[in-house]
$ cat query-v2.cif   # mmCIF, C-alpha atoms
data_input
#
loop_
_atom_site.label_atom_id
_atom_site.label_comp_id
_atom_site.auth_asym_id
_atom_site.auth_seq_id
_atom_site.Cartn_x
_atom_site.Cartn_y
_atom_site.Cartn_z
CA MET P 1 0.00 0.00 0.00
CA SER P 2 2.12 2.84 -1.30
CA GLY P 3 -0.38 5.67 -1.16
CA GLY P 4 -0.45 5.86 -4.94
CA LEU P 5 -3.50 5.20 -7.06
CA ASP P 6 -2.49 1.74 -8.23
CA SER P 7 -2.25 0.08 -4.81
CA TYR P 8 -5.44 1.90 -3.71
CA THR P 9 -7.33 0.59 -6.73
CA ALA P 10 -5.89 -2.93 -6.46
CA ALA P 11 -6.93 -3.10 -2.81
CA ALA P 12 -10.42 -1.80 -3.61
CA ILE P 13 -10.86 -4.42 -6.35
CA ALA P 14 -9.80 -7.18 -3.94
CA LYS P 15 -12.26 -5.83 -1.36
CA SER P 16 -15.04 -5.77 -3.96
CA GLU P 17 -14.27 -9.45 -4.66
CA GLY P 18 -14.89 -10.29 -1.02
CA PHE P 19 -11.36 -10.43 0.39
CA GLU P 20 -10.78 -9.24 3.94
CA LEU P 21 -7.83 -6.86 3.71
CA CYS P 22 -4.70 -6.19 5.72
CA ALA P 23 -2.38 -3.48 4.40
CA LEU P 24 1.41 -3.41 4.34
CA THR P 25 3.34 -0.19 3.75
CA ILE P 26 7.11 -0.30 3.43
CA ARG P 27 8.93 2.85 4.48
CA TYR P 28 12.03 2.19 2.45
CA GLY P 29 13.90 5.46 2.61
CA GLN P 30 12.13 6.96 -0.37
CA ARG P 31 12.76 10.67 -0.74
CA HIS P 32 9.69 11.83 1.07
CA GLY P 33 7.21 10.81 3.75
CA ARG P 34 4.24 12.29 1.88
CA GLU P 35 3.26 8.96 0.33
CA VAL P 36 3.17 7.24 3.74
CA GLU P 37 0.54 9.76 4.87
CA SER P 38 -1.46 8.95 1.73
CA ALA P 39 -1.12 5.24 2.46
CA ARG P 40 -2.67 5.80 5.88
CA ALA P 41 -5.51 7.86 4.42
CA VAL P 42 -6.21 5.22 1.77
CA ALA P 43 -6.16 2.36 4.29
CA ARG P 44 -8.63 4.30 6.47
CA ALA P 45 -10.87 5.05 3.46
CA LEU P 46 -11.02 1.34 2.62
CA GLY P 47 -11.82 0.47 6.25
CA ILE P 48 -8.75 -1.77 6.55
CA PRO P 49 -8.44 -2.78 10.21
CA ARG P 50 -4.75 -3.79 10.19
CA HIS P 51 -2.17 -1.59 8.54
CA LEU P 52 1.45 -2.56 9.17
CA GLU P 53 4.14 0.01 8.42
CA LEU P 54 7.52 -1.62 8.12
CA PRO P 55 10.67 0.52 7.97
CA ILE P 56 13.61 -0.74 5.94
CA ASP P 57 16.21 1.72 4.82
CA LEU P 58 17.13 0.80 1.25
CA ARG P 59 19.46 3.82 1.09
CA GLY P 60 22.12 1.45 2.43
CA ILE P 61 21.77 -0.41 -0.86
CA GLY P 62 21.19 2.67 -3.03
CA GLY P 63 21.38 2.34 -6.81
CA SER P 64 18.20 4.33 -7.52
CA SER P 65 17.22 7.97 -7.73
CA LEU P 66 14.49 7.15 -5.19
CA THR P 67 16.95 5.90 -2.57
CA SER P 68 20.09 7.98 -3.17
CA ASP P 69 21.18 11.50 -4.08
CA LEU P 70 20.76 10.90 -7.82
CA SER P 71 18.16 13.34 -9.18
CA VAL P 72 14.76 12.05 -10.29
CA PRO P 73 14.42 12.42 -14.08
CA ARG P 74 11.85 14.96 -15.31
CA ASP P 75 10.12 15.39 -18.68
CA ARG P 76 11.32 11.95 -19.75
CA ASP P 77 9.97 10.43 -22.97
CA LEU P 78 7.46 7.86 -21.65
CA SER P 79 7.75 5.82 -24.85
CA ALA P 80 11.47 5.21 -24.19
CA THR P 81 12.22 1.54 -23.57
CA ASP P 82 15.17 1.88 -21.21
CA ILE P 83 14.72 1.30 -17.47
CA PRO P 84 14.88 4.70 -15.74
CA THR P 85 16.97 5.58 -12.67
CA THR P 86 13.83 5.41 -10.51
CA TYR P 87 14.15 1.62 -10.74
CA VAL P 88 14.96 0.39 -7.20
CA PRO P 89 17.06 -2.79 -7.40
CA ALA P 90 14.99 -5.86 -6.49
CA ARG P 91 12.28 -3.68 -4.91
CA ASN P 92 9.25 -5.79 -5.68
CA THR P 93 11.12 -8.96 -4.73
CA ILE P 94 11.91 -7.37 -1.35
CA PHE P 95 8.34 -6.07 -0.91
CA LEU P 96 6.68 -9.34 -1.91
CA SER P 97 9.03 -11.28 0.41
CA LEU P 98 7.96 -9.14 3.35
CA ALA P 99 4.31 -9.48 2.34
CA LEU P 100 4.79 -13.24 2.10
CA GLY P 101 6.25 -13.42 5.60
CA TRP P 102 3.35 -11.45 7.04
CA ALA P 103 0.79 -13.41 5.01
CA GLU P 104 2.16 -16.62 6.46
CA VAL P 105 1.79 -15.28 10.01
CA LEU P 106 -1.76 -14.06 9.27
CA GLU P 107 -2.59 -17.44 7.68
CA ALA P 108 -3.49 -15.59 4.51
CA ARG P 109 -2.77 -17.22 1.14
CA ASP P 110 -3.55 -14.28 -1.11
CA VAL P 111 -1.25 -11.32 -1.69
CA VAL P 112 -2.43 -8.40 -3.82
CA ILE P 113 0.02 -6.05 -5.54
CA GLY P 114 -0.82 -3.10 -7.79
CA VAL P 115 1.79 -3.75 -10.48
CA ASN P 116 0.96 -2.74 -13.99
CA ALA P 117 2.72 -3.89 -17.14
CA LEU P 118 1.18 -1.40 -19.56
CA ASP P 119 1.31 2.24 -18.43
CA TYR P 120 4.39 1.86 -16.26
CA SER P 121 8.05 2.77 -16.32
CA GLY P 122 9.54 -0.43 -17.71
CA TYR P 123 10.49 -1.99 -14.37
CA PRO P 124 11.36 -5.70 -14.75
CA ASP P 125 9.65 -6.62 -11.49
CA CYS P 126 6.25 -5.49 -12.76
CA ARG P 127 6.04 -8.15 -15.49
CA PRO P 128 3.69 -11.15 -15.37
CA GLU P 129 6.60 -13.61 -15.71
CA PHE P 130 8.19 -12.16 -12.56
CA ILE P 131 4.94 -12.47 -10.64
CA ARG P 132 4.43 -16.11 -11.70
CA ALA P 133 8.01 -16.94 -10.67
CA PHE P 134 7.48 -15.33 -7.26
CA GLU P 135 4.26 -17.29 -6.79
CA SER P 136 6.10 -20.58 -7.34
CA LEU P 137 8.90 -19.49 -5.03
CA ALA P 138 6.43 -18.56 -2.27
CA THR P 139 5.17 -22.10 -1.99
CA LEU P 140 8.70 -23.51 -1.78
CA ALA P 141 9.86 -20.85 0.68
CA THR P 142 7.37 -21.27 3.50
CA ARG P 143 6.22 -23.64 6.18
CA ALA P 144 2.68 -23.18 4.85
CA GLY P 145 3.86 -24.20 1.39
CA VAL P 146 5.55 -27.34 2.75
CA GLU P 147 2.28 -28.15 4.48
CA GLY P 148 0.40 -27.97 1.17
CA ALA P 149 -0.81 -24.37 0.90
CA ALA P 150 -0.44 -22.53 -2.40
CA PHE P 151 0.12 -18.79 -2.31
CA ARG P 152 -1.47 -16.62 -4.95
CA ILE P 153 -0.11 -13.24 -5.98
CA HIS P 154 -3.04 -11.25 -7.34
CA THR P 155 -2.31 -8.50 -9.86
CA PRO P 156 -5.72 -7.05 -10.76
CA LEU P 157 -4.18 -4.13 -12.66
CA ILE P 158 -1.49 -5.91 -14.61
CA SER P 159 -3.10 -5.64 -18.03
CA LEU P 160 -4.98 -2.35 -17.57
CA THR P 161 -3.95 1.06 -18.89
CA LYS P 162 -3.74 3.87 -16.34
CA ALA P 163 -6.99 5.29 -17.75
CA GLU P 164 -8.72 1.93 -17.26
CA ILE P 165 -7.41 1.73 -13.69
CA ILE P 166 -8.81 5.18 -12.95
CA ARG P 167 -12.22 4.39 -14.50
CA ARG P 168 -12.37 1.15 -12.54
CA GLY P 169 -11.53 2.95 -9.29
CA LEU P 170 -14.05 5.74 -9.87
CA ALA P 171 -16.73 3.10 -10.52
CA LEU P 172 -15.83 1.67 -7.10
CA GLY P 173 -16.28 5.13 -5.56
CA LEU P 174 -12.61 5.81 -4.79
CA ASP P 175 -11.40 9.27 -3.84
CA TYR P 176 -8.14 9.73 -5.72
CA GLY P 177 -7.69 13.05 -3.90
CA LEU P 178 -6.33 10.93 -1.03
CA THR P 179 -3.51 9.51 -3.11
CA HIS P 180 -0.05 10.71 -3.92
CA SER P 181 1.99 9.69 -6.97
CA CYS P 182 4.89 12.15 -7.34
CA TYR P 183 8.41 10.77 -6.93
CA ASP P 184 9.85 14.09 -5.82
CA PRO P 185 7.29 16.51 -4.40
CA ALA P 186 7.98 20.04 -3.17
CA ALA P 187 8.56 20.63 0.56
CA ASP P 188 4.84 21.40 0.99
CA GLY P 189 3.90 18.05 -0.59
CA ARG P 190 2.72 19.39 -3.96
CA PRO P 191 3.52 17.08 -6.90
CA CYS P 192 6.27 18.20 -9.29
CA GLY P 193 4.16 17.46 -12.38
CA ARG P 194 7.21 16.40 -14.40
CA CYS P 195 8.49 13.05 -13.09
CA ASP P 196 7.40 9.78 -14.75
CA SER P 197 4.90 9.11 -12.04
CA CYS P 198 3.23 12.54 -12.38
CA ALA P 199 3.29 12.24 -16.18
CA LEU P 200 1.70 8.76 -16.21
CA ARG P 201 -0.96 9.94 -13.77
CA ALA P 202 -1.76 13.05 -15.83
CA ARG P 203 -1.98 11.01 -19.05
CA GLY P 204 -4.22 8.47 -17.30
CA PHE P 205 -6.70 11.07 -16.07
CA ALA P 206 -6.66 12.82 -19.48
CA GLU P 207 -7.38 9.55 -21.31
CA ALA P 208 -10.08 8.66 -18.81
CA GLY P 209 -11.67 12.07 -19.51
CA VAL P 210 -11.88 13.09 -15.85
CA ALA P 211 -10.14 15.72 -13.74
CA ASP P 212 -7.55 14.64 -11.19
CA PRO P 213 -8.99 15.65 -7.80
CA LEU P 214 -5.44 16.06 -6.46
CA VAL P 215 -4.81 18.85 -8.96
CA LEU P 216 -8.11 20.55 -8.10
CA ARG P 217 -7.31 20.79 -4.42
CA MET D 1 26.84 -12.92 7.29
CA SER D 2 25.09 -13.89 10.49
CA GLY D 3 28.08 -14.35 12.75
CA GLY D 4 27.43 -18.07 12.94
CA LEU D 5 29.79 -20.73 11.69
CA ASP D 6 27.90 -21.53 8.48
CA SER D 7 28.03 -18.08 6.92
CA TYR D 8 31.68 -17.71 8.05
CA THR D 9 32.64 -20.99 6.39
CA ALA D 10 30.60 -20.29 3.24
CA ALA D 11 32.32 -16.91 2.86
CA ALA D 12 35.75 -18.44 3.43
CA ILE D 13 35.10 -21.11 0.79
CA ALA D 14 34.03 -18.43 -1.72
CA LYS D 15 37.17 -16.44 -0.89
CA SER D 16 39.34 -19.54 -1.40
CA GLU D 17 37.73 -19.93 -4.85
CA GLY D 18 38.90 -16.44 -5.81
CA PHE D 19 35.77 -14.37 -5.23
CA GLU D 20 36.16 -10.82 -3.93
CA LEU D 21 33.75 -10.57 -1.02
CA CYS D 22 31.27 -8.01 0.26
CA ALA D 23 29.31 -8.95 3.38
CA LEU D 24 25.68 -8.25 4.22
CA THR D 25 24.35 -8.59 7.75
CA ILE D 26 20.64 -8.14 8.40
CA ARG D 27 19.72 -6.89 11.86
CA TYR D 28 16.21 -8.24 11.82
CA GLY D 29 15.10 -7.83 15.40
CA GLN D 30 16.49 -11.16 16.53
CA ARG D 31 16.53 -11.54 20.27
CA HIS D 32 20.08 -10.41 20.80
CA GLY D 33 22.78 -8.26 19.28
CA ARG D 34 25.54 -10.70 20.14
CA GLU D 35 25.52 -12.30 16.70
CA VAL D 36 25.96 -8.92 15.00
CA GLU D 37 29.21 -8.44 16.94
CA SER D 38 30.33 -11.86 15.75
CA ALA D 39 29.42 -10.95 12.17
CA ARG D 40 31.72 -7.91 12.42
CA ALA D 41 34.55 -10.00 13.86
CA VAL D 42 34.17 -12.62 11.15
CA ALA D 43 34.08 -10.03 8.35
CA ARG D 44 37.26 -8.47 9.75
CA ALA D 45 38.96 -11.87 10.04
CA LEU D 46 38.20 -12.58 6.38
CA GLY D 47 39.52 -9.15 5.34
CA ILE D 48 36.20 -8.17 3.77
CA PRO D 49 36.43 -4.47 2.82
CA ARG D 50 32.69 -3.73 2.59
CA HIS D 51 30.31 -4.93 5.26
CA LEU D 52 26.77 -3.55 5.05
CA GLU D 53 24.56 -3.85 8.11
CA LEU D 54 20.93 -3.41 7.19
CA PRO D 55 18.31 -3.02 9.92
CA ILE D 56 14.82 -4.40 9.28
CA ASP D 57 12.59 -5.07 12.20
CA LEU D 58 10.81 -8.35 11.50
CA ARG D 59 9.15 -8.18 14.93
CA GLY D 60 6.39 -6.23 13.13
CA ILE D 61 5.71 -9.46 11.24
CA GLY D 62 6.42 -11.81 14.15
CA GLY D 63 5.42 -15.46 13.88
CA SER D 64 8.72 -16.86 15.18
CA SER D 65 10.32 -17.42 18.55
CA LEU D 66 13.29 -15.45 17.19
CA THR D 67 11.21 -12.33 16.47
CA SER D 68 8.50 -12.38 19.14
CA ASP D 69 7.97 -13.19 22.80
CA LEU D 70 7.50 -16.93 22.14
CA SER D 71 10.19 -18.84 24.00
CA VAL D 72 12.97 -20.55 22.06
CA PRO D 73 12.61 -24.35 22.36
CA ARG D 74 15.32 -26.18 24.34
CA ASP D 75 16.39 -29.82 24.40
CA ARG D 76 14.33 -30.50 21.27
CA ASP D 77 14.69 -33.86 19.52
CA LEU D 78 16.86 -32.97 16.51
CA SER D 79 15.54 -35.95 14.57
CA ALA D 80 11.97 -34.56 14.72
CA THR D 81 10.67 -33.67 11.26
CA ASP D 82 8.37 -30.78 12.18
CA ILE D 83 9.45 -27.20 11.52
CA PRO D 84 10.30 -25.60 14.89
CA THR D 85 9.10 -22.21 16.16
CA THR D 86 12.51 -20.71 15.37
CA TYR D 87 11.42 -20.74 11.73
CA VAL D 88 11.12 -17.06 10.68
CA PRO D 89 8.43 -16.71 7.99
CA ALA D 90 9.99 -16.11 4.57
CA ARG D 91 13.33 -15.19 6.15
CA ASN D 92 15.69 -16.45 3.48
CA THR D 93 13.45 -15.01 0.74
CA ILE D 94 13.70 -11.62 2.45
CA PHE D 95 17.46 -11.93 3.01
CA LEU D 96 18.20 -13.12 -0.53
CA SER D 97 16.03 -10.31 -1.96
CA LEU D 98 18.06 -7.72 -0.07
CA ALA D 99 21.31 -9.40 -1.14
CA LEU D 100 20.06 -9.41 -4.73
CA GLY D 101 19.31 -5.68 -4.63
CA TRP D 102 22.77 -4.92 -3.27
CA ALA D 103 24.43 -7.33 -5.72
CA GLU D 104 22.79 -5.53 -8.59
CA VAL D 105 24.11 -2.16 -7.34
CA LEU D 106 27.61 -3.64 -6.87
CA GLU D 107 27.43 -5.22 -10.35
CA ALA D 108 28.02 -8.59 -8.70
CA ARG D 109 26.33 -11.67 -10.15
CA ASP D 110 27.21 -14.15 -7.42
CA VAL D 111 25.47 -14.38 -4.06
CA VAL D 112 26.75 -16.82 -1.43
CA ILE D 113 24.52 -18.12 1.36
CA GLY D 114 25.45 -20.60 4.07
CA VAL D 115 22.29 -22.69 3.98
CA ASN D 116 22.57 -26.33 4.82
CA ALA D 117 20.01 -29.02 4.04
CA LEU D 118 21.51 -31.79 6.16
CA ASP D 119 22.30 -30.80 9.76
CA TYR D 120 19.71 -28.06 10.02
CA SER D 121 16.37 -27.42 11.63
CA GLY D 122 14.02 -28.37 8.81
CA TYR D 123 13.48 -24.86 7.46
CA PRO D 124 11.85 -24.92 4.00
CA ASP D 125 13.95 -22.03 2.74
CA CYS D 126 17.19 -23.98 3.18
CA ARG D 127 16.32 -26.60 0.54
CA PRO D 128 18.01 -26.82 -2.87
CA GLU D 129 14.66 -26.47 -4.70
CA PHE D 130 14.06 -23.14 -2.96
CA ILE D 131 17.51 -21.89 -3.92
CA ARG D 132 17.07 -22.88 -7.58
CA ALA D 133 13.67 -21.14 -7.68
CA PHE D 134 15.18 -17.97 -6.22
CA GLU D 135 17.98 -18.06 -8.79
CA SER D 136 15.44 -18.12 -11.64
CA LEU D 137 13.45 -15.34 -10.01
CA ALA D 138 16.56 -13.16 -9.60
CA THR D 139 17.14 -13.00 -13.31
CA LEU D 140 13.51 -12.04 -14.01
CA ALA D 141 13.41 -9.51 -11.17
CA THR D 142 16.28 -7.21 -12.08
CA ARG D 143 17.46 -4.72 -14.63
CA ALA D 144 20.67 -6.72 -14.91
CA GLY D 145 18.62 -9.85 -15.66
CA VAL D 146 16.67 -8.08 -18.40
CA GLU D 147 19.99 -6.99 -19.85
CA GLY D 148 21.16 -10.60 -20.04
CA ALA D 149 22.98 -11.25 -16.77
CA ALA D 150 22.33 -14.47 -14.88
CA PHE D 151 22.55 -14.43 -11.11
CA ARG D 152 23.99 -17.40 -9.29
CA ILE D 153 23.14 -18.28 -5.72
CA HIS D 154 26.07 -20.27 -4.34
CA THR D 155 25.41 -22.70 -1.50
CA PRO D 156 28.78 -24.30 -0.76
CA LEU D 157 27.49 -25.98 2.42
CA ILE D 158 24.17 -27.28 1.22
CA SER D 159 25.08 -30.96 1.17
CA LEU D 160 27.62 -31.03 4.01
CA THR D 161 27.04 -32.24 7.55
CA LYS D 162 27.89 -29.82 10.35
CA ALA D 163 31.01 -31.88 11.09
CA GLU D 164 32.11 -31.63 7.45
CA ILE D 165 31.53 -27.86 7.50
CA ILE D 166 33.71 -27.55 10.60
CA ARG D 167 36.49 -29.69 9.13
CA ARG D 168 36.40 -27.69 5.93
CA GLY D 169 36.61 -24.42 7.86
CA LEU D 170 39.45 -25.61 10.09
CA ALA D 171 41.37 -26.66 6.96
CA LEU D 172 40.93 -23.07 5.74
CA GLY D 173 42.35 -21.79 9.05
CA LEU D 174 39.12 -20.33 10.44
CA ASP D 175 38.82 -19.29 14.08
CA TYR D 176 35.41 -20.51 15.19
CA GLY D 177 35.99 -18.78 18.52
CA LEU D 178 34.86 -15.61 16.72
CA THR D 179 31.45 -17.02 15.89
CA HIS D 180 28.19 -17.19 17.76
CA SER D 181 25.42 -19.76 17.20
CA CYS D 182 23.06 -19.63 20.18
CA TYR D 183 19.49 -18.45 19.52
CA ASP D 184 18.97 -17.22 23.04
CA PRO D 185 22.19 -16.42 24.93
CA ALA D 186 22.46 -15.23 28.51
CA ALA D 187 22.77 -11.49 29.19
CA ASP D 188 26.57 -11.84 29.23
CA GLY D 189 26.50 -13.43 25.74
CA ARG D 190 27.20 -17.02 26.85
CA PRO D 191 25.43 -19.66 24.74
CA CYS D 192 22.53 -21.51 26.39
CA GLY D 193 23.77 -24.91 25.21
CA ARG D 194 20.25 -26.25 24.79
CA CYS D 195 18.60 -24.57 21.78
CA ASP D 196 18.69 -26.30 18.36
CA SER D 197 21.51 -24.10 17.19
CA CYS D 198 23.69 -24.90 20.23
CA ALA D 199 22.82 -28.60 19.94
CA LEU D 200 23.66 -28.81 16.22
CA ARG D 201 26.93 -26.99 16.84
CA ALA D 202 27.88 -29.28 19.72
CA ARG D 203 27.07 -32.40 17.69
CA GLY D 204 29.08 -31.03 14.74
CA PHE D 205 32.21 -30.42 16.81
CA ALA D 206 31.82 -33.81 18.51
CA GLU D 207 31.50 -35.62 15.17
CA ALA D 208 34.43 -33.65 13.76
CA GLY D 209 36.45 -34.77 16.78
CA VAL D 210 37.61 -31.30 17.75
CA ALA D 211 36.89 -29.00 20.67
CA ASP D 212 34.71 -25.95 20.13
CA PRO D 213 36.96 -22.93 20.82
CA LEU D 214 33.91 -20.95 21.93
CA VAL D 215 33.36 -23.37 24.80
CA LEU D 216 37.01 -23.21 25.84
CA ARG D 217 37.00 -19.42 26.21
#
$ encode --input "query-v2.cif" --output "structure tokens"
Amino acid sequence: MSGGLDSYTAAAIAKSEGFELCALTIRYGQRHGREVESARAVARALGIPRHLELPIDLRGIGGSSLTSDLSVPRDRDLSATDIPTTYVPARNTIFLSLALGWAEVLEARDVVIGVNALDYSGYPDCRPEFIRAFESLATLATRAGVEGAAFRIHTPLISLTKAEIIRRGLALGLDYGLTHSCYDPAADGRPCGRCDSCALRARGFAEAGVADPLVLR
Amino acid sequence: MSGGLDSYTAAAIAKSEGFELCALTIRYGQRHGREVESARAVARALGIPRHLELPIDLRGIGGSSLTSDLSVPRDRDLSATDIPTTYVPARNTIFLSLALGWAEVLEARDVVIGVNALDYSGYPDCRPEFIRAFESLATLATRAGVEGAAFRIHTPLISLTKAEIIRRGLALGLDYGLTHSCYDPAADGRPCGRCDSCALRARGFAEAGVADPLVLR
């Protein structure tokens, strides 16, 4: 649960399908705390009773403009096929591992992640083949798996465009004004409008034909 | 690099094979800091220039007698086939994910882990099938993998008994007096002598026919 619109929508879809939700937010040393506040607001809005915030400082590992002093790229060509510097090495493997550990303790077998392989930044750990490989690993890695349980990694957004995600969320009554997407906001929390994450969000709302409530506020 | 004898020996074997080493120690909220001191001593003894200590508090996840208030089992039958409460949910998946992220930043392709599938406590994430699955995942999960690199997870101890590990380490000149194995030491750092980890260590030294230098001190 990052506080962005993808994890919010993915969680809402899982809730609409009847899952009872617990939310996990990783405070990983990203450049700002603004998205953690959004994660809390989103978890409250969805009525999620357990929200675990886990700190892990990935700045010790570095290698990304989100976890080091490298600057976040702005006005990047979104059709470029290279992996941008906002890629955090092994991030979704680390996040899913932590989610798997908690799921095992909760006796849950379903993990939901808001990855998206269409309107995204080309990160390798958002692809369906990565998710399937993690799902197989999860069963081998755990006591529950040894005892016969199969873990499922749900990716309700993986084949949707950003516009489709937004339409789906609005149909579920979500308030995207609670979310935060910018990689590198100003000191007062306002989005920069020029990083990949802002640009993908703006394009998504434009294609969906609706105004972004975050911009209106 | 846990500070125990397995990770020390695994690192020494990798060094003897010509690898340049970096060491990663995860401070994961285990019940004592004694093993972190041993990890530092071991890294120094091996002349490892970079030793990253990464804190991540797995007590938020819990589910193990190593990361919660459950008591560590003592005098357990080591031939029992159940998975004991010292199992930490998804621990090696979490640790290998963090190692993978750092390896990618370091442009390393080889990760060494001291897991052992013979004289061990029945943890699922110490088995060869888990390691092979993680290796496949690593290549799918990373930028380096997309660009054609293959990661290798080396497990030099996986098919050795504890006695064979100790003999191998002594042949490499290791000082096992630097290490620490006990899950639940006394306040002064002395091993309890009765947890699984103490029992496996004692049996290993006995079968190797040598005295444990930690006991002599």
$ closest_residue --input "query-v2.cif" --among "P:Pro191, P:Ser64, P:Leu98, P:Leu5" --to "Gly204 in chain P" --atoms "only C-alpha atoms"
P:Leu5
$ interface_residues --input "query-v2.cif" --of "chain P" --to "chain D" --cutoff "7 Å" --atoms "all atoms listed in the file" --output "count of residues only"
28
$ resolve_selection --input "query-v2.cif" --expression "the PyMOL selection byres ((chain P and resi 51) around 7)" --output "PDB file with C-alpha atoms, keeping the file's coordinate frame"
ATOM      1  CA  CYS P  22      -4.700  -6.190   5.720  1.00  0.00           C
ATOM      2  CA  ALA P  23      -2.380  -3.480   4.400  1.00  0.00           C
ATOM      3  CA  LEU P  24       1.410  -3.410   4.340  1.00  0.00           C
ATOM      4  CA  ILE P  48      -8.750  -1.770   6.550  1.00  0.00           C
ATOM      5  CA  PRO P  49      -8.440  -2.780  10.210  1.00  0.00           C
ATOM      6  CA  ARG P  50      -4.750  -3.790  10.190  1.00  0.00           C
ATOM      7  CA  LEU P  52       1.450  -2.560   9.170  1.00  0.00           C
ATOM      8  CA  GLU P  53       4.140   0.010   8.420  1.00  0.00           C
TER       9      GLU P  53
END
$ residues_around --input "query-v2.cif" --residues "Arg201 in chain P" --least-positions-apart "5" --cutoff "9 Å" --atoms "only C-alpha atoms" --output "list in words"
Leu5, Lys162, Ala163, Ser181, Cys182, Asp196, Ala206 and Asp212 of chain P
$ write_last_selection --input "query-v2.cif" --atoms "C-alpha atoms" --output "short mmCIF file (atom, residue, chain, number, x, y, z; two decimals), keeping the file's coordinate frame"
data_model
loop_
_atom_site.label_atom_id
_atom_site.label_comp_id
_atom_site.auth_asym_id
_atom_site.auth_seq_id
_atom_site.Cartn_x
_atom_site.Cartn_y
_atom_site.Cartn_z
CA LEU P 5 -3.50 5.20 -7.06
CA LYS P 162 -3.74 3.87 -16.34
CA ALA P 163 -6.99 5.29 -17.75
CA SER P 181 1.99 9.69 -6.97
CA CYS P 182 4.89 12.15 -7.34
CA ASP P 196 7.40 9.78 -14.75
CA ALA P 206 -6.66 12.82 -19.48
CA ASP P 212 -7.55 14.64 -11.19
#
$ atom_distance --input "query-v2.cif" --atom1 "CA of Phe151 in chain D" --atom2 "CA of Gly114 in chain D"
16.6 Å
$ closest_residue --input "query-v2.cif" --among "P:Leu170, P:Leu178, P:Ile153, P:Val215" --to "Val111 in chain P" --atoms "all atoms listed in the file"
P:Ile153
$ resolve_selection --input "query-v2.cif" --expression "the PyMOL selection byres ((chain P and resi 8) around 12)" --output "PyMOL selection string"
chain P and resi 1-7+9-15+21+23-25+35+38-48+112-115+156-157+165-166+168-170+172-181
$ atom_distance --input "query-v2.cif" --atom1 "CA of Cys195 in chain D" --atom2 "CA of Ser65 in chain D"
11.4 Å
$ build_atoms --input "query-v2.cif" --residues "range 149-162 of chain P" --atoms "N, CA and C atoms" --output "tab-separated table (two decimals), in the coordinates of the input"
chain	number	residue	atom	x	y	z
P	149	ALA	N	-0.13	-25.59	1.33
P	149	ALA	CA	-0.81	-24.37	0.90
P	149	ALA	C	-0.16	-23.83	-0.38
P	150	ALA	N	-0.98	-23.23	-1.23
P	150	ALA	CA	-0.44	-22.53	-2.40
P	150	ALA	C	-0.71	-21.04	-2.23
P	151	PHE	N	0.32	-20.24	-2.39
P	151	PHE	CA	0.12	-18.79	-2.31
P	151	PHE	C	-0.25	-18.27	-3.69
P	152	ARG	N	-1.15	-17.29	-3.69
P	152	ARG	CA	-1.47	-16.62	-4.95
P	152	ARG	C	-1.11	-15.16	-4.86
P	153	ILE	N	-0.42	-14.67	-5.89
P	153	ILE	CA	-0.11	-13.24	-5.98
P	153	ILE	C	-1.11	-12.66	-6.98
P	154	HIS	N	-2.00	-11.83	-6.48
P	154	HIS	CA	-3.04	-11.25	-7.34
P	154	HIS	C	-2.56	-9.91	-7.91
P	155	THR	N	-2.75	-9.74	-9.19
P	155	THR	CA	-2.31	-8.50	-9.86
P	155	THR	C	-3.47	-7.96	-10.70
P	156	PRO	N	-4.51	-7.43	-10.02
P	156	PRO	CA	-5.72	-7.05	-10.76
P	156	PRO	C	-5.52	-5.96	-11.80
P	157	LEU	N	-4.38	-5.25	-11.73
P	157	LEU	CA	-4.18	-4.13	-12.66
P	157	LEU	C	-3.22	-4.47	-13.79
P	158	ILE	N	-2.69	-5.69	-13.79
P	158	ILE	CA	-1.49	-5.91	-14.61
P	158	ILE	C	-1.70	-5.63	-16.08
P	159	SER	N	-2.92	-5.86	-16.59
P	159	SER	CA	-3.10	-5.64	-18.03
P	159	SER	C	-4.02	-4.45	-18.33
P	160	LEU	N	-4.16	-3.55	-17.35
P	160	LEU	CA	-4.98	-2.35	-17.57
P	160	LEU	C	-4.10	-1.14	-17.90
P	161	THR	N	-4.63	-0.23	-18.72
P	161	THR	CA	-3.95	1.06	-18.89
P	161	THR	C	-4.25	1.91	-17.65
P	162	LYS	N	-3.49	2.98	-17.48
P	162	LYS	CA	-3.74	3.87	-16.34
P	162	LYS	C	-5.16	4.43	-16.40
